[in-house]
Amino acid sequence: MDYFLQQLINGLTLGAVYGLIAIGYTMVYGIIGMINFAHGEIYMIGAFVTVISFVVLGVAGLHETALVLFIVLLTSILVTSLYGWTVERVAYRPLRTSPRLAPLISAIGMSVFLQNYVQLLQGARVKTMPPILQGGFSLSSQSDGFAVSISYLQIVIILLTIGLMITVTYLIHKTPLGRAQRACEQDKTMAALVGVNVDRTISTTFVIGAALAAIAGFMVTLYYGVTDFFMGFLAGMKAFTAAVLGGIGSLPGAMLGGLLIGLIESFWAGYVNAQYKDVAVFAILMLVLMVRPNGLFGRPEIEKV
C-alpha cells in the first residue's frame, strides 16, 4: 500500500506537468482548429531559459532562494512567451487561410528548427542543475526500508497547477479576452465583423499557451535537474496525447488527460516495466479512442449547413 501511494504521488506530479502543456495544445486547437506541434519545443526552451537564468543569477552572486525562483520563473515566462508569439506570426498567421495540411507541415518544420536551433546554441550535451528546493513530509512510518514521502517541490507543482487551471478557466469564461476567444472559435469572420481583433486574440492565445509551457519547463527543471534539446519532443507528444485523451478543445479534459497519462506512466514503471511505459501510454490511448473517439470530455463536431 505504501508503494502504491508513493507511485500515486509521483504520477500526479508528472501528470500535472503534462496537463499544463496539454492546455496549451487544446487552447490553440480550440481557437484555430490546428495542432501546434512546436509546442513541445516551446516547453523545452522554457526549461533551458530556467537553467541559464539560474547560472546567470548565481554568477551575479544572488543566492536568496525565494527571490531567485521568482526572477527565474518570470524570465522564463517572458522569454518563452516571446517565442510562442513568434511561432504564431511566422508559422501560422501567413497560412491561416491555407488548406490545413500547410500549417501542419509548417508547425512540424518549426519544431525541427527549434530543436536544432537550441542544439547549436547550447550543445547536444545534457545540462544538469543541483537541487534548489529540498525537503518534504513523510506520510508513513518506515517499514521494510520504505516510507511514503512527498517533497515540498511536489506540493508546489500540484498546487501551482491547480491554481493555473482555475485561473485559465476563469480567463476563458469570465473575461473579455475569453469571450473574444470563444467568438473566434465559433466564427472568425463574424467575430471580426462585430469588432473582435482576431489576430491579436489568436496571438494572445499562443502567448498564454507558451507561458504555461514555460512554467511546466521551470517545474520539470527543478524536479529532475536535467535538460536537453530533445526533451520537448516526447513531452510534447505525451501532452498532445493527454489533450486528445481528455477531448481536444476541452480545458478540463486536457488536465484530466495529463493526470491520467502521468498516473499510467508512473504505475506502469513501478509495477510492470519502466522501459515500456511510453508504449503503455500510447496503447491505452488507442484503446480509449476506440470506445470514445472524441476523448473523455470531447463532443462530436456538428457541421451546420
# chains A, B, ... in the order shown; residues from 1 in each chain; ligands from 1

$ select_by_dssp --residues "region 65-237 of chain A" --states "strand (DSSP E)" --output "VMD selection string"
chain A and resid 127 to 128 136 to 138 149 to 151 226 to 227

$ closest_atom_pairs --of "region 91-124 of chain A" --to "region 218-228 of chain A" --cutoff "10 Å" --atoms "only C-alpha atoms" --output "Markdown table"
| residue | atom | partner | partner_atom | distance |
| --- | --- | --- | --- | --- |
| A:Gln115 | CA | A:Asp228 | CA | 9.7 |
| A:Val118 | CA | A:Asp228 | CA | 9.0 |
| A:Gln119 | CA | A:Asp228 | CA | 8.3 |
| A:Gln122 | CA | A:Asp228 | CA | 8.9 |
| A:Gly123 | CA | A:Asp228 | CA | 8.8 |
| A:Ala124 | CA | A:Asp228 | CA | 7.1 |

$ residues_around --residues "Ile166 (chain A)" --least-positions-apart "6" --cutoff "12 Å" --atoms "only C-alpha atoms" --output "PyMOL selection string"
chain A and resi 20+23+159-160+172-174+251-252+255

$ atom_distance --atom1 "CA of Asn273 (chain A)" --atom2 "CA of Ser138 (chain A)"
26.3 Å

$ closest_residue --among "A:Ala38, A:Ala216, A:Ala280, A:Ile31" --to "Gln186 (chain A)" --atoms "only C-alpha atoms"
A:Ile31

$ atom_distance --atom1 "CA of Ala16 (chain A)" --atom2 "CA of Thr161 (chain A)"
6.1 Å

$ residues_around --residues "region 79-94 of chain A" --least-positions-apart "5" --cutoff "10 Å" --atoms "only C-alpha atoms" --output "JSON, numbers by chain"
{"A": [28, 32, 34, 36, 38, 39, 41, 42, 43, 44, 45, 46, 47, 48, 49, 74, 102, 103, 104, 105, 106, 107, 108, 109, 110, 111, 114, 199, 202, 203, 204, 205, 206, 207, 208, 209, 210, 211, 212, 213, 214, 215, 217]}

$ write_last_selection --atoms "C-alpha atoms" --output "JSON list (two decimals), in the first residue's frame"
[["chain", "number", "residue", "atom", "x", "y", "z"],
["A", 28, "VAL", "CA", -4.61, 26.69, -29.77],
["A", 32, "ILE", "CA", -7.83, 27.98, -34.84],
["A", 34, "MET", "CA", -4.93, 23.32, -35.71],
["A", 36, "ASN", "CA", 0.78, 23.41, -32.69],
["A", 38, "ALA", "CA", 6.10, 23.13, -31.98],
["A", 39, "HIS", "CA", 4.55, 23.49, -28.52],
["A", 41, "GLU", "CA", 9.85, 22.73, -28.16],
["A", 42, "ILE", "CA", 8.43, 25.87, -26.52],
["A", 43, "TYR", "CA", 8.34, 23.87, -23.27],
["A", 44, "MET", "CA", 11.95, 22.79, -23.89],
["A", 45, "ILE", "CA", 13.03, 26.40, -24.41],
["A", 46, "GLY", "CA", 11.36, 27.30, -21.10],
["A", 47, "ALA", "CA", 13.48, 24.65, -19.38],
["A", 48, "PHE", "CA", 16.68, 25.96, -20.98],
["A", 49, "VAL", "CA", 15.87, 29.55, -20.06],
["A", 74, "LEU", "CA", 9.37, 35.48, -14.56],
["A", 102, "ALA", "CA", 0.09, 23.56, -44.97],
["A", 103, "PRO", "CA", 0.14, 24.90, -41.37],
["A", 104, "LEU", "CA", 0.56, 21.32, -40.10],
["A", 105, "ILE", "CA", 3.75, 20.91, -42.14],
["A", 106, "SER", "CA", 4.85, 24.40, -41.09],
["A", 107, "ALA", "CA", 4.39, 23.50, -37.40],
["A", 108, "ILE", "CA", 6.42, 20.29, -37.78],
["A", 109, "GLY", "CA", 9.12, 22.28, -39.57],
["A", 110, "MET", "CA", 9.14, 24.84, -36.76],
["A", 111, "SER", "CA", 9.51, 22.01, -34.24],
["A", 114, "LEU", "CA", 13.72, 24.90, -32.74],
["A", 199, "ASP", "CA", -5.11, 38.48, -34.98],
["A", 202, "ILE", "CA", -5.01, 34.37, -31.58],
["A", 203, "SER", "CA", -1.56, 35.77, -30.77],
["A", 204, "THR", "CA", -2.57, 36.21, -27.13],
["A", 205, "THR", "CA", -3.75, 32.59, -27.03],
["A", 206, "PHE", "CA", -0.34, 31.42, -28.28],
["A", 207, "VAL", "CA", 1.36, 33.60, -25.67],
["A", 208, "ILE", "CA", -0.76, 32.16, -22.85],
["A", 209, "GLY", "CA", -0.04, 28.62, -24.02],
["A", 210, "ALA", "CA", 3.69, 29.39, -24.20],
["A", 211, "ALA", "CA", 3.61, 30.88, -20.69],
["A", 212, "LEU", "CA", 2.03, 27.69, -19.33],
["A", 213, "ALA", "CA", 4.66, 25.63, -21.16],
["A", 214, "ALA", "CA", 7.36, 27.84, -19.62],
["A", 215, "ILE", "CA", 6.01, 27.18, -16.13],
["A", 217, "GLY", "CA", 9.59, 23.64, -18.10]]

$ atom_distance --atom1 "CA of Gly253 (chain A)" --atom2 "CA of Ile21 (chain A)"
12.5 Å

$ select_by_dssp --residues "region 14-257 of chain A" --states "helix (DSSP H, G or I)" --output "JSON, numbers by chain"
{"A": [14, 15, 16, 17, 18, 19, 20, 21, 22, 23, 24, 25, 26, 27, 28, 29, 30, 31, 32, 39, 40, 41, 42, 43, 44, 45, 46, 47, 48, 49, 50, 51, 52, 53, 54, 55, 56, 57, 58, 59, 65, 66, 67, 68, 69, 70, 71, 72, 73, 74, 75, 76, 77, 78, 79, 80, 81, 82, 83, 84, 85, 86, 87, 88, 89, 90, 91, 92, 93, 94, 95, 101, 102, 103, 104, 105, 106, 107, 108, 109, 110, 111, 112, 113, 114, 115, 116, 117, 118, 119, 120, 121, 122, 152, 153, 154, 155, 156, 157, 158, 159, 160, 161, 162, 163, 164, 165, 166, 167, 168, 169, 170, 171, 172, 173, 174, 176, 177, 178, 179, 180, 181, 182, 183, 184, 185, 186, 188, 189, 190, 191, 192, 193, 198, 199, 200, 201, 202, 203, 204, 205, 206, 207, 208, 209, 210, 211, 212, 213, 214, 215, 216, 217, 218, 219, 220, 221, 222, 223, 224, 231, 232, 233, 234, 235, 236, 237, 238, 239, 240, 241, 242, 243, 244, 245, 246, 251, 252, 253, 254, 255, 256, 257]}

$ closest_residue --among "A:Phe4, A:Leu256, A:Thr65, A:Met27" --to "Ile162 (chain A)" --atoms "only C-alpha atoms"
A:Leu256

$ residues_around --residues "Gly178 (chain A)" --least-positions-apart "5" --cutoff "10 Å" --atoms "only C-alpha atoms" --output "PyMOL selection string"
chain A and resi 168-173+183-184+201+205

$ closest_residue --among "A:Gly232, A:Val148, A:Val291, A:Leu101" --to "Leu8 (chain A)" --atoms "only C-alpha atoms"
A:Val148

$ closest_residue --among "A:Ala147, A:Gly33, A:Gly257, A:Leu78" --to "Lys188 (chain A)" --atoms "only C-alpha atoms"
A:Gly33

$ closest_residue --among "A:Lys238, A:Arg179, A:Lys127, A:Arg100" --to "Phe282 (chain A)" --atoms "only C-alpha atoms"
A:Lys238
